[in-house]
>>> print(open('target35.txt').read())   # compact mmCIF, C-alpha atoms and all ligand atoms
# COMPACT_ATOMS: atom_id res chain seq x y z
CA MET I 316 85.33 113.73 115.39
CA ASN I 317 89.10 113.99 115.90
CA ILE I 318 91.25 111.40 114.21
CA PRO I 319 94.06 110.22 116.50
CA ALA I 320 97.59 110.87 115.21
CA LEU I 321 99.57 107.93 113.91
CA THR I 322 102.73 107.08 115.80
CA PHE I 323 104.69 105.61 112.88
CA VAL I 324 106.58 107.41 110.14
CA HIS I 325 104.58 107.65 106.93
CA THR I 326 104.02 109.74 103.84
CA GLU I 327 100.68 110.97 102.57
CA VAL I 328 98.99 109.47 99.55
CA PRO I 329 98.97 112.30 96.99
CA ARG I 330 95.68 114.04 96.22
CA VAL I 331 95.09 114.72 92.55
CA PRO I 332 92.13 116.26 90.72
CA ALA I 333 90.18 113.39 89.17
CA PRO I 334 91.79 112.60 85.81
CA ALA I 335 89.81 111.78 82.64
CA ALA I 336 88.87 108.10 82.43
CA ASP I 337 91.29 107.20 79.65
CA GLU I 338 94.16 108.91 81.44
CA PHE I 339 93.32 107.07 84.66
CA ASN I 340 93.00 103.75 82.82
CA ARG I 341 96.41 104.26 81.23
CA MET I 342 97.95 105.06 84.61
CA ALA I 343 96.37 102.01 86.23
CA ALA I 344 97.54 99.76 83.39
CA ASN I 345 101.08 101.10 83.77
CA GLY I 346 101.23 100.24 87.45
CA SER I 347 100.23 103.56 88.95
CA GLU I 348 100.74 104.11 92.67
CA PRO I 349 97.88 104.82 95.11
CA ALA I 350 96.21 108.22 94.78
CA VAL I 351 93.27 110.12 96.23
CA LEU I 352 91.14 111.45 93.38
CA THR I 353 89.28 114.61 94.27
CA GLY I 354 86.28 116.33 92.76
CA CYS I 355 84.66 113.36 91.05
CA LEU I 356 81.61 112.53 93.15
CA GLN I 357 79.95 115.91 93.60
CA ASP I 358 77.37 115.05 90.92
CA TRP I 359 76.33 111.79 92.50
CA PRO I 360 72.76 112.25 93.82
CA LEU I 361 73.43 110.11 96.91
CA VAL I 362 76.50 112.15 97.88
CA ARG I 363 74.43 115.35 97.61
CA GLU I 364 71.48 113.86 99.51
CA LEU I 365 73.73 112.68 102.35
CA GLN I 366 75.46 116.03 102.46
CA GLN I 367 72.14 117.88 102.60
CA ALA I 368 70.92 115.59 105.38
CA GLY I 369 73.47 117.26 107.62
CA ASN I 370 73.57 114.81 110.56
CA PRO I 371 73.95 111.03 111.02
CA ASP I 372 70.32 110.47 111.98
CA ALA I 373 69.06 112.21 108.84
CA GLU I 374 71.69 110.45 106.71
CA ILE I 375 70.45 107.06 107.94
CA ALA I 376 66.91 108.22 107.12
CA VAL I 377 68.02 109.00 103.52
CA LEU I 378 69.31 105.43 103.18
CA GLU I 379 66.19 103.95 104.79
CA ARG I 380 63.96 105.86 102.41
CA LEU I 381 65.80 104.34 99.45
CA ILE I 382 66.59 100.80 100.62
CA GLY I 383 64.85 100.37 103.99
CA HIS I 384 62.96 97.29 102.77
CA ARG I 385 66.00 95.47 101.33
CA LYS I 386 67.41 92.57 103.35
CA VAL I 387 70.97 92.95 104.63
CA GLN I 388 73.43 91.26 106.97
CA TYR I 389 75.91 93.03 109.17
CA THR I 390 78.51 92.32 111.80
CA THR I 391 78.46 93.56 115.37
CA ILE I 392 81.77 94.44 116.98
CA ALA I 393 81.62 94.39 120.78
CA PRO I 394 83.07 97.36 122.71
CA GLU I 395 85.83 95.18 124.25
CA GLN I 396 87.06 94.35 120.74
CA HIS I 397 87.99 98.04 120.24
CA GLY I 398 86.80 97.82 116.67
CA GLN I 399 89.63 95.51 115.68
CA LEU I 400 89.04 93.01 112.90
CA GLY I 401 92.23 90.99 112.56
CA TYR I 402 94.22 88.07 113.93
CA THR I 403 95.30 86.63 117.24
CA ASP I 404 99.03 87.09 117.93
CA ASP I 405 100.06 83.82 116.31
CA GLY I 406 97.77 84.38 113.34
CA SER I 407 95.94 81.13 114.02
CA ARG I 408 92.53 82.74 114.44
CA THR I 409 90.69 85.77 113.11
CA ASN I 410 87.79 87.63 114.65
CA PHE I 411 86.85 88.98 111.24
CA ALA I 412 83.39 88.10 109.99
CA PHE I 413 81.52 89.70 107.14
CA THR I 414 78.33 89.13 109.09
CA SER I 415 77.40 87.98 112.56
CA GLY I 416 73.64 87.90 112.37
CA LYS I 417 70.58 86.97 110.37
CA ARG I 418 69.37 88.80 107.28
CA VAL I 419 67.22 91.71 108.39
CA ALA I 420 65.50 94.62 106.68
CA PHE I 421 67.90 97.53 106.14
CA SER I 422 65.66 99.66 108.36
CA ARG I 423 66.49 97.30 111.28
CA PHE I 424 70.17 97.85 110.50
CA GLY I 425 69.36 101.58 110.48
CA ASP I 426 68.07 101.18 114.07
CA ALA I 427 71.27 99.35 115.01
CA LEU I 428 73.35 102.15 113.49
CA ARG I 429 71.46 104.76 115.52
CA ALA I 430 71.70 102.75 118.74
CA THR I 431 75.45 102.17 118.27
CA LEU I 432 76.10 105.82 117.47
CA ALA I 433 74.29 106.77 120.69
CA ASP I 434 76.10 104.16 122.79
CA ARG I 435 79.25 105.67 124.33
CA ARG I 436 80.90 102.30 125.08
CA GLY I 437 82.52 102.20 121.65
CA GLY I 438 81.17 99.13 119.85
CA ALA I 439 80.44 99.17 116.13
CA VAL I 440 78.07 97.70 113.57
CA TYR I 441 79.19 97.26 110.01
CA MET I 442 77.51 96.11 106.81
CA GLN I 443 80.46 95.06 104.68
CA SER I 444 80.89 94.31 101.04
CA ALA I 445 77.18 94.06 100.18
CA PRO I 446 76.87 93.68 96.37
CA LEU I 447 75.33 96.84 94.93
CA ARG I 448 73.11 94.78 92.64
CA GLY I 449 71.14 93.89 95.79
CA PHE I 450 70.02 97.55 96.01
CA PRO I 451 68.56 98.37 92.59
CA GLU I 452 66.89 101.53 94.00
CA LEU I 453 70.34 102.97 94.67
CA LEU I 454 71.65 102.60 91.13
CA PRO I 455 70.32 105.94 89.77
CA HIS I 456 71.84 107.65 92.82
CA VAL I 457 75.37 106.25 92.35
CA PRO I 458 76.31 106.31 88.64
CA ASP I 459 79.04 103.84 87.69
CA LEU I 460 82.53 105.28 87.73
CA GLN I 461 84.02 105.64 84.30
CA TYR I 462 87.35 104.43 85.66
CA LEU I 463 88.18 100.91 84.49
CA ALA I 464 84.64 100.81 83.10
CA THR I 465 85.55 98.59 80.16
CA ALA I 466 86.78 95.79 82.41
CA ALA I 467 84.52 92.76 82.16
CA GLU I 468 85.11 91.73 85.75
CA ALA I 469 84.09 94.59 88.01
CA TYR I 470 82.33 94.18 91.33
CA ARG I 471 80.62 97.08 93.14
CA GLN I 472 79.96 96.80 96.86
CA LEU I 473 78.28 98.95 99.49
CA TRP I 474 79.83 99.34 102.96
CA ILE I 475 77.97 101.15 105.77
CA GLY I 476 79.22 101.38 109.34
CA SER I 477 78.68 103.23 112.60
CA GLY I 478 82.39 104.10 112.72
CA GLY I 479 85.11 102.76 114.99
CA HIS I 480 85.94 99.59 113.04
CA VAL I 481 89.54 98.77 112.12
CA VAL I 482 90.29 96.19 109.42
CA ASN I 483 93.87 95.02 109.77
CA LEU I 484 96.39 94.79 106.92
CA HIS I 485 95.45 92.57 103.98
CA PHE I 486 95.73 92.66 100.21
CA ASP I 487 93.49 91.97 97.22
CA PRO I 488 94.48 90.92 93.70
CA THR I 489 92.20 93.58 92.21
CA HIS I 490 92.34 97.27 91.40
CA ASN I 491 90.24 98.93 94.07
CA LEU I 492 88.40 102.25 93.83
CA ILE I 493 87.02 103.32 97.19
CA ALA I 494 84.43 106.08 96.90
CA MET I 495 83.65 107.79 100.20
CA LEU I 496 80.06 108.99 100.24
CA THR I 497 79.87 110.15 103.84
CA GLY I 498 82.07 109.87 106.93
CA ARG I 499 85.82 109.42 106.92
CA LYS I 500 88.22 106.50 106.64
CA ARG I 501 91.94 106.42 107.18
CA VAL I 502 93.60 103.93 104.87
CA THR I 503 97.23 102.95 105.39
CA LEU I 504 98.93 101.34 102.42
CA ILE I 505 102.15 99.33 102.20
CA PRO I 506 103.69 98.52 98.81
CA PRO I 507 103.64 94.87 97.69
CA ASP I 508 107.46 94.61 97.57
CA SER I 509 107.76 91.76 99.99
CA MET I 510 105.35 89.14 101.23
CA THR I 511 107.67 87.61 103.77
CA ASN I 512 108.37 90.83 105.63
CA MET I 513 104.66 91.31 106.18
CA TYR I 514 104.17 87.88 107.80
CA PRO I 515 101.12 86.69 105.88
CA ALA I 516 98.71 84.94 108.23
CA PRO I 517 98.21 81.19 107.82
CA LEU I 518 96.84 80.46 104.38
CA ASP I 519 93.79 78.70 105.73
CA VAL I 520 92.77 81.63 107.97
CA ARG I 521 91.67 84.45 105.74
CA LEU I 522 90.59 87.95 106.59
CA GLY I 523 87.28 87.62 104.78
CA ASP I 524 88.41 86.48 101.34
CA ALA I 525 91.77 88.18 101.56
CA ILE I 526 95.20 87.14 102.72
CA GLY I 527 95.92 89.14 105.85
CA SER I 528 99.09 90.10 107.69
CA GLN I 529 99.82 88.99 111.24
CA VAL I 530 101.35 92.40 111.92
CA THR I 531 98.96 94.63 113.84
CA LEU I 532 99.59 98.00 112.21
CA LEU I 533 98.51 100.14 115.17
CA ALA I 534 100.43 98.07 117.75
CA PRO I 535 103.16 96.19 115.89
CA ASP I 536 105.25 93.74 117.88
CA PHE I 537 108.69 93.98 116.27
CA ALA I 538 110.12 91.36 118.63
CA ARG I 539 107.71 88.89 117.03
CA HIS I 540 107.73 90.39 113.53
CA PRO I 541 111.16 92.05 113.16
CA ARG I 542 111.22 92.20 109.37
CA ALA I 543 107.99 94.23 109.32
CA ALA I 544 109.74 97.36 110.63
CA ASP I 545 111.34 98.10 107.24
CA GLU I 546 108.07 97.56 105.40
CA LEU I 547 105.98 99.69 107.75
CA ALA I 548 108.44 102.54 107.23
CA LYS I 549 107.15 102.63 103.64
CA ALA I 550 103.57 103.33 104.79
CA ARG I 551 101.43 105.79 102.85
CA VAL I 552 98.34 107.16 104.49
CA ALA I 553 95.15 108.71 103.14
CA ILE I 554 92.38 110.21 105.23
CA LEU I 555 89.48 109.92 102.84
CA GLU I 556 86.85 112.64 103.01
CA PRO I 557 83.31 112.47 101.60
CA GLY I 558 83.34 112.96 97.83
CA GLU I 559 86.84 111.51 97.36
CA ILE I 560 88.00 108.28 95.79
CA LEU I 561 91.04 106.30 96.86
CA TYR I 562 92.69 104.19 94.18
CA ILE I 563 94.48 101.11 95.56
CA PRO I 564 96.46 99.21 92.92
CA PRO I 565 96.43 95.38 92.94
CA MET I 566 98.26 93.67 95.77
CA TRP I 567 98.99 96.70 97.92
CA TRP I 568 98.51 95.92 101.61
CA HIS I 569 95.83 98.10 103.15
CA HIS I 570 94.53 98.81 106.63
CA VAL I 571 91.27 100.67 107.16
CA GLU I 572 89.96 102.69 110.14
CA SER I 573 86.62 104.45 110.15
CA PHE I 574 85.46 107.56 111.98
CA GLY I 575 81.77 108.31 112.47
CA LEU I 576 78.88 107.08 110.36
CA ASN I 577 80.48 105.98 107.10
CA VAL I 578 79.00 105.07 103.74
CA MET I 579 81.38 103.84 101.09
CA LEU I 580 81.00 102.26 97.69
CA ASN I 581 83.90 100.43 96.17
CA LYS I 582 84.68 98.83 92.87
CA TRP I 583 87.05 95.90 92.60
CA VAL I 584 88.33 95.22 89.11
CA LEU I 585 90.33 92.13 88.22
CA PRO I 586 93.49 93.11 86.37
CA VAL I 587 93.04 90.22 83.90
CA PRO I 588 89.91 88.45 82.58
CA ALA I 589 88.33 86.07 85.10
CA ALA I 590 89.35 82.93 83.19
CA HIS I 591 92.96 84.08 83.13
CA PHE I 592 92.79 84.94 86.82
CA THR I 593 91.60 81.38 87.48
CA ASP I 594 94.64 80.05 85.60
CA LEU I 595 96.94 82.27 87.66
CA THR I 596 95.40 81.03 90.91
CA VAL I 597 95.79 77.39 89.87
CA ASP I 598 99.37 78.02 88.78
CA LEU I 599 100.23 79.47 92.17
CA VAL I 600 98.58 76.63 94.09
CA ARG I 601 100.10 73.91 91.87
CA GLY I 602 103.51 75.58 92.08
CA MET I 603 103.23 75.74 95.85
CA LEU I 604 102.33 72.05 96.10
CA LEU I 605 105.03 70.92 93.70
CA PHE I 606 107.97 73.02 94.82
CA SER I 607 107.39 72.27 98.49
CA ASP I 608 108.49 68.69 97.64
CA ILE I 609 111.72 69.89 96.04
CA PRO I 610 114.90 70.49 98.06
CA ARG I 611 115.53 74.15 98.84
CA SER I 612 118.75 74.47 96.81
CA LEU I 613 116.98 73.22 93.66
CA ARG I 614 113.91 75.33 94.41
CA LEU I 615 116.12 78.39 94.45
CA ARG I 616 117.58 77.41 91.05
CA TYR I 617 114.04 77.36 89.67
CA ARG I 618 113.44 80.71 91.32
CA GLU I 619 116.34 82.07 89.23
CA ALA I 620 114.92 80.41 86.13
CA TYR I 621 111.51 82.00 86.74
CA ALA I 622 113.23 85.34 87.35
CA GLY I 623 115.01 85.08 84.00
CA ALA I 624 112.37 83.49 81.84
CA LEU I 625 109.07 84.66 83.32
CA PHE I 626 109.51 87.77 85.39
CA GLY I 627 112.28 89.47 83.42
CA THR I 628 114.10 90.29 86.65
CA ALA I 629 117.30 88.30 85.87
CA GLU I 630 119.10 86.55 83.01
CA PRO I 631 117.92 82.99 82.38
CA PRO I 632 120.38 80.50 83.92
CA ALA I 633 122.69 78.74 81.43
CA SER I 634 121.40 75.27 82.26
CA PRO I 635 118.43 73.88 84.17
CA PRO I 636 119.12 72.20 87.52
CA ALA I 637 120.49 68.66 87.06
CA ALA I 638 119.13 65.68 88.99
CA ALA I 639 121.52 63.67 91.14
CA ASP I 640 119.29 60.59 91.29
CA ALA I 641 116.17 59.09 89.74
CA VAL I 642 113.77 60.35 92.43
CA THR I 643 115.03 63.90 92.07
CA GLY I 644 114.96 63.43 88.29
CA ARG I 645 111.25 62.65 88.40
CA LEU I 646 110.60 65.65 90.60
CA LEU I 647 112.60 67.92 88.33
CA SER I 648 110.77 66.83 85.22
CA ARG I 649 107.53 67.72 87.03
CA ALA I 650 109.11 71.04 87.97
CA ASP I 651 110.08 71.65 84.33
CA ARG I 652 106.50 70.94 83.32
CA GLN I 653 105.21 73.28 86.02
CA MET I 654 107.54 76.01 84.78
CA ARG I 655 106.27 75.54 81.21
CA ASP I 656 102.69 75.84 82.53
CA SER I 657 103.62 78.97 84.48
CA CYS I 658 105.17 80.39 81.33
CA ARG I 659 101.99 79.83 79.38
CA VAL I 660 99.84 81.39 82.09
CA LEU I 661 102.11 84.31 82.92
CA ARG I 662 103.12 85.46 79.49
CA ASP I 663 99.89 87.40 78.85
CA VAL I 664 99.86 89.03 82.28
CA PRO I 665 100.13 92.80 81.83
CA PRO I 666 103.68 93.92 82.70
CA ALA I 667 102.55 96.13 85.61
CA LEU I 668 100.97 93.14 87.33
CA ARG I 669 103.76 90.76 86.38
CA ARG I 670 106.22 93.04 88.19
CA ARG I 671 104.25 92.49 91.40
CA LEU I 672 104.25 88.70 91.20
CA PRO I 673 107.83 87.75 92.19
CA PRO I 674 107.26 88.41 95.93
CA LEU I 675 104.14 86.22 95.77
CA TYR I 676 106.01 83.38 94.05
CA ASP I 677 108.97 83.84 96.41
CA TYR I 678 106.74 83.37 99.40
CA TYR I 679 104.27 80.72 98.26
CA VAL I 680 106.02 78.81 95.47
CA PHE I 681 109.78 79.03 96.16
CA GLN I 682 109.23 79.38 99.89
CA VAL I 683 112.42 81.38 100.32
CA ASP I 684 111.72 81.76 104.03
CA GLY I 685 110.22 78.34 104.64
CA ALA I 686 106.78 76.87 104.07
CA PRO I 687 103.85 79.32 104.20
CA SER I 688 102.31 78.89 107.60
CA LEU I 689 99.15 76.90 108.18
CA SER I 690 96.98 77.16 111.24
CA ASN I 691 96.00 73.54 111.43
CA THR I 692 98.05 70.71 112.78
CA ASP I 693 97.37 68.61 109.72
CA PRO I 694 99.55 69.91 106.86
CA ALA I 695 98.88 66.75 104.84
CA GLY I 696 95.14 67.40 105.12
CA PHE I 697 95.67 70.97 104.06
CA ARG I 698 97.67 69.82 101.02
CA ARG I 699 94.81 67.51 100.10
CA LYS I 700 92.43 70.43 100.35
CA LEU I 701 94.69 72.56 98.14
CA ARG I 702 94.88 69.75 95.54
CA LEU I 703 91.10 69.48 95.54
CA TYR I 704 90.87 73.25 95.27
CA ALA I 705 93.29 73.37 92.31
CA GLY I 706 91.36 70.51 90.65
CA ALA I 707 88.01 72.21 91.17
CA VAL I 708 89.27 75.55 89.91
CA SER I 709 90.82 73.84 86.85
CA ALA I 710 87.47 72.22 86.11
CA ILE I 711 85.77 75.61 86.27
CA ARG I 712 88.47 76.96 84.00
CA ALA I 713 87.95 74.17 81.50
CA ALA I 714 84.32 75.21 81.29
CA GLN I 715 85.25 78.83 80.64
CA SER I 716 85.82 80.02 77.13
CA ILE I 717 89.35 79.30 75.88
CA ALA I 718 88.82 82.20 73.50
CA SER I 719 88.92 84.62 76.41
CA LEU I 720 92.60 83.86 76.98
CA PRO I 721 94.63 84.89 73.93
CA ARG I 722 97.60 82.60 73.36
CA ARG I 723 99.76 84.92 71.29
CA ARG I 724 103.42 83.99 71.15
CA THR I 725 106.01 86.70 71.00
CA GLN I 726 109.65 86.44 69.99
CA THR I 727 110.64 86.65 73.68
CA ASP I 728 108.24 83.85 74.61
CA ARG I 729 109.83 81.57 72.06
CA LYS I 730 113.28 82.32 73.44
CA THR I 731 112.40 81.83 77.07
CA CYS I 732 109.34 79.59 77.32
CA GLN I 733 109.45 76.30 75.49
O1 LIG L 1 86.58 99.84 104.28
C1 LIG L 1 86.76 98.79 104.87
O2 LIG L 1 86.32 98.57 105.98
C2 LIG L 1 87.58 97.70 104.22
C3 LIG L 1 87.65 97.89 102.75
C4 LIG L 1 88.63 96.97 102.09
O3 LIG L 1 89.43 96.33 102.70
C5 LIG L 1 88.62 96.87 100.65
O4 LIG L 1 87.88 97.62 99.98
O5 LIG L 1 89.37 96.02 100.12
>>> encode(input="target35.txt", output="structure tokens")
Amino acid sequence: MNIPALTFVHTEVPRVPAPAADEFNRMAANGSEPAVLTGCLQDWPLVRELQQAGNPDAEIAVLERLIGHRKVQYTTIAPEQHGQLGYTDDGSRTNFAFTSGKRVAFSRFGDALRATLADRRGGAVYMQSAPLRGFPELLPHVPDLQYLATAAEAYRQLWIGSGGHVVNLHFDPTHNLIAMLTGRKRVTLIPPDSMTNMYPAPLDVRLGDAIGSQVTLLAPDFARHPRAADELAKARVAILEPGEILYIPPMWWHHVESFGLNVMLNKWVLPVPAAHFTDLTVDLVRGMLLFSDIPRSLRLRYREAYAGALFGTAEPPASPPAAADAVTGRLLSRADRQMRDSCRVLRDVPPALRRRLPPLYDYYVFQVDGAPSLSNTDPAGFRRKLRLYAGAVSAIRAAQSIASLPRRRTQTDRKTCQ
């Protein structure tokens, strides 16, 4: 099947022979860029079995033989949707759904795959992000990757589609290793340099679990999203072939198109322990709630303070912002407290990840380009929901082991974080 040419300027994601696990782990920890790793899956029994099958019908039969009895859910994408899983123009709605039907035996999904592949109208069926632990029979056929194998928080998922689906731009907080077992996917990646220029969709309308972009990569509307043009010019593209792995570092935007029957296994790995990740999430949500009450000029002073004290991207300001009146004074003392909390939570974040956080804080916490958009007409209700969310996540965090979050203090911490 021919893959249509892209109309935008891009560079290719480099292909490198699969490095040894410790070399890869070092690269990932140091903030490595995306790469296609070649020559690492040829020993996987499932890759060989699919290759030997030789055609889509026989490949589906291989899967049915192994997991035909397991229950799965999948989504059906109608032909008039042209495979697109993304947002409406104003970002207020998404047509993305992990599943659109009941749980059925995998063999029924196999029938749906065959029927869709035979149907020339161009619809698609897609089983997305199904946890691998739900398919114990597959485990001996897909050995765990040694990459990032020591991470406590790793999640392996199976993705099987008829081809023709397009998942619009979104980002995940995790390292992502995408192993292509059969079929091809084109993945377009945009660096996480700027949130604002990518027009994140309303916070309460996610693409699955992820924050998506309102920019439609394959048909961008630069009149509506002018700042996206500069970001899209940084695009890197990989056409993943069977037997290859694409490494996507945390927070890189990605857009996925599939061509023909595709079977993919991915591994998401949190860049920090889960308890610490919870703290980071709460910090972001609390910061967003608090700083949205603070006048923009003062918010921007705190942005400088965070840049100096937390992100290491500027000198700390000589003095904290001063309050002109009692109301502002109360707000600022809450802001000081929030900054101390952020300091505590951020200081153990590995430097490679910490470097990627300023755009996130700029957009959600300091709101340099205005409040993050919400789809609903009830911002107060949404704030209530966020408060509840932060409270619930904090409660979960309290139940997690404090020991899993080391609280070492370094000389720099003492200077910058009181
Ligand atoms: O392959 C796909 O359809 C989407 C995969 C994806 O977005 C991911 O692995 O984060």
>>> residues_near_ligand(input="target35.txt", ligand="ligand LIG 1 (chain L)", cutoff="8 Å", atoms="all atoms listed in the file", output="VMD selection string")
chain I and resid 443 to 444 474 480 to 482 485 to 487 491 to 493 500 569 to 573 579 581 to 583
>>> residues_around(input="target35.txt", residues="I:Tyr389", least_positions_apart="4", cutoff="7 Å", atoms="all atoms listed in the file", output="mmCIF file with C-alpha atoms, in the frame of the given file")
data_model
loop_
_atom_site.group_PDB
_atom_site.id
_atom_site.type_symbol
_atom_site.label_atom_id
_atom_site.label_comp_id
_atom_site.auth_asym_id
_atom_site.auth_seq_id
_atom_site.Cartn_x
_atom_site.Cartn_y
_atom_site.Cartn_z
ATOM 1 C CA PHE I 413 81.520 89.700 107.140
ATOM 2 C CA THR I 414 78.330 89.130 109.090
ATOM 3 C CA SER I 415 77.400 87.980 112.560
ATOM 4 C CA GLY I 416 73.640 87.900 112.370
ATOM 5 C CA VAL I 440 78.070 97.700 113.570
ATOM 6 C CA TYR I 441 79.190 97.260 110.010
ATOM 7 C CA MET I 442 77.510 96.110 106.810
ATOM 8 C CA GLN I 443 80.460 95.060 104.680
#
>>> closest_atom_pairs(input="target35.txt", of="stretch 383-500 of chain I", to="stretch 334-341 of chain I", cutoff="8 Å", atoms="only C-alpha atoms", output="JSON lines")
{"residue": "I:Gln461", "atom": "CA", "partner": "I:Ala336", "partner_atom": "CA", "distance": 5.8}
{"residue": "I:Tyr462", "atom": "CA", "partner": "I:Ala336", "partner_atom": "CA", "distance": 5.1}
{"residue": "I:Leu463", "atom": "CA", "partner": "I:Asn340", "partner_atom": "CA", "distance": 5.8}
>>> write_last_selection(input="target35.txt", atoms="C-alpha atoms", output="PDB file, keeping the file's coordinate frame")
ATOM      1  CA  GLN I 461      84.020 105.640  84.300  1.00  0.00           C
ATOM      2  CA  TYR I 462      87.350 104.430  85.660  1.00  0.00           C
ATOM      3  CA  LEU I 463      88.180 100.910  84.490  1.00  0.00           C
TER       4      LEU I 463
END
>>> atom_distance(input="target35.txt", atom1="atom CA of I:Pro557", atom2="atom CA of I:Arg499")
6.6 Å
>>> closest_residue(input="target35.txt", among="I:Gly406, I:Gly558, I:Gly369, I:Pro515", to="I:Gln357", atoms="all atoms listed in the file")
I:Gly558
>>> closest_residue(input="target35.txt", among="I:Ala494, I:Leu647, I:Ile563, I:Val597", to="I:Gly346", atoms="only C-alpha atoms")
I:Ile563
>>> residues_around(input="target35.txt", residues="I:Arg418", least_positions_apart="4", cutoff="12 Å", atoms="all atoms listed in the file", output="number ranges by chain")
I: 384-390, 414, 422-424, 442, 445
>>> closest_residue(input="target35.txt", among="I:Leu604, I:Ala333, I:Val642, I:Ala534", to="I:Gln682", atoms="all atoms listed in the file")
I:Leu604
>>> closest_residue(input="target35.txt", among="I:Leu432, I:Leu605, I:Leu473, I:Leu454", to="I:Asn370", atoms="all atoms listed in the file")
I:Leu432
>>> atom_distance(input="target35.txt", atom1="atom CA of I:His325", atom2="atom CA of I:Glu546")
10.8 Å
>>> atom_distance(input="target35.txt", atom1="atom CA of I:Ala439", atom2="atom CA of I:Ile475")
10.8 Å
>>> closest_residue(input="target35.txt", among="I:Asp656, I:Asp651, I:Asp372, I:Glu556", to="I:Leu599", atoms="all atoms listed in the file")
I:Asp656
>>> closest_residue(input="target35.txt", among="I:Leu522, I:Leu703, I:Cys355, I:Leu381", to="I:Pro451", atoms="only C-alpha atoms")
I:Leu381
>>> decode(input="target35.txt", residues="stretch 373-421 of chain I", atoms="C-alpha atoms", output="PDB file, in the first residue's frame")
ATOM      1  CA  ALA I 373      -3.327 -15.426   7.808  1.00  0.00           C
ATOM      2  CA  GLU I 374      -1.909 -12.814  10.214  1.00  0.00           C
ATOM      3  CA  ILE I 375      -5.341 -12.387  11.804  1.00  0.00           C
ATOM      4  CA  ALA I 376      -5.543 -16.194  12.051  1.00  0.00           C
ATOM      5  CA  VAL I 377      -2.209 -16.221  13.959  1.00  0.00           C
ATOM      6  CA  LEU I 378      -3.662 -13.772  16.481  1.00  0.00           C
ATOM      7  CA  GLU I 379      -6.943 -15.683  16.734  1.00  0.00           C
ATOM      8  CA  ARG I 380      -5.094 -18.910  17.421  1.00  0.00           C
ATOM      9  CA  LEU I 381      -3.311 -17.276  20.348  1.00  0.00           C
ATOM     10  CA  ILE I 382      -5.959 -14.977  21.838  1.00  0.00           C
ATOM     11  CA  GLY I 383      -9.198 -15.693  19.930  1.00  0.00           C
ATOM     12  CA  HIS I 384     -11.078 -16.463  23.152  1.00  0.00           C
ATOM     13  CA  ARG I 385      -9.989 -13.328  25.043  1.00  0.00           C
ATOM     14  CA  LYS I 386     -12.549 -10.535  25.399  1.00  0.00           C
ATOM     15  CA  VAL I 387     -11.693  -7.205  23.774  1.00  0.00           C
ATOM     16  CA  GLN I 388     -13.276  -3.869  22.939  1.00  0.00           C
ATOM     17  CA  TYR I 389     -12.616  -1.854  19.836  1.00  0.00           C
ATOM     18  CA  THR I 390     -13.728   1.293  18.105  1.00  0.00           C
ATOM     19  CA  THR I 391     -15.361   1.503  14.697  1.00  0.00           C
ATOM     20  CA  ILE I 392     -14.510   4.479  12.514  1.00  0.00           C
ATOM     21  CA  ALA I 393     -17.138   5.147   9.844  1.00  0.00           C
ATOM     22  CA  PRO I 394     -15.970   5.715   6.238  1.00  0.00           C
ATOM     23  CA  GLU I 395     -17.207   9.347   6.276  1.00  0.00           C
ATOM     24  CA  GLN I 396     -14.879  10.055   9.213  1.00  0.00           C
ATOM     25  CA  HIS I 397     -11.875   9.383   6.924  1.00  0.00           C
ATOM     26  CA  GLY I 398     -10.121   7.660   9.787  1.00  0.00           C
ATOM     27  CA  GLN I 399      -9.731  10.893  11.722  1.00  0.00           C
ATOM     28  CA  LEU I 400      -9.677  10.744  15.503  1.00  0.00           C
ATOM     29  CA  GLY I 401      -9.379  14.324  16.720  1.00  0.00           C
ATOM     30  CA  TYR I 402     -11.286  17.510  17.487  1.00  0.00           C
ATOM     31  CA  THR I 403     -13.930  19.710  15.965  1.00  0.00           C
ATOM     32  CA  ASP I 404     -12.558  23.036  14.682  1.00  0.00           C
ATOM     33  CA  ASP I 405     -13.084  24.887  17.950  1.00  0.00           C
ATOM     34  CA  GLY I 406     -11.710  21.997  19.989  1.00  0.00           C
ATOM     35  CA  SER I 407     -14.939  21.733  21.955  1.00  0.00           C
ATOM     36  CA  ARG I 408     -15.628  18.126  20.984  1.00  0.00           C
ATOM     37  CA  THR I 409     -13.624  15.044  20.102  1.00  0.00           C
ATOM     38  CA  ASN I 410     -14.697  12.028  18.085  1.00  0.00           C
ATOM     39  CA  PHE I 411     -11.980   9.975  19.731  1.00  0.00           C
ATOM     40  CA  ALA I 412     -13.128   6.932  21.666  1.00  0.00           C
ATOM     41  CA  PHE I 413     -11.012   4.050  22.858  1.00  0.00           C
ATOM     42  CA  THR I 414     -13.983   1.790  22.249  1.00  0.00           C
ATOM     43  CA  SER I 415     -17.385   2.108  20.665  1.00  0.00           C
ATOM     44  CA  GLY I 416     -18.872  -1.286  21.340  1.00  0.00           C
ATOM     45  CA  LYS I 417     -19.387  -4.099  23.792  1.00  0.00           C
ATOM     46  CA  ARG I 418     -16.696  -6.521  24.912  1.00  0.00           C
ATOM     47  CA  VAL I 419     -16.518  -9.348  22.403  1.00  0.00           C
ATOM     48  CA  ALA I 420     -14.287 -12.361  21.850  1.00  0.00           C
ATOM     49  CA  PHE I 421     -11.123 -11.416  19.947  1.00  0.00           C
TER      50      PHE I 421
END
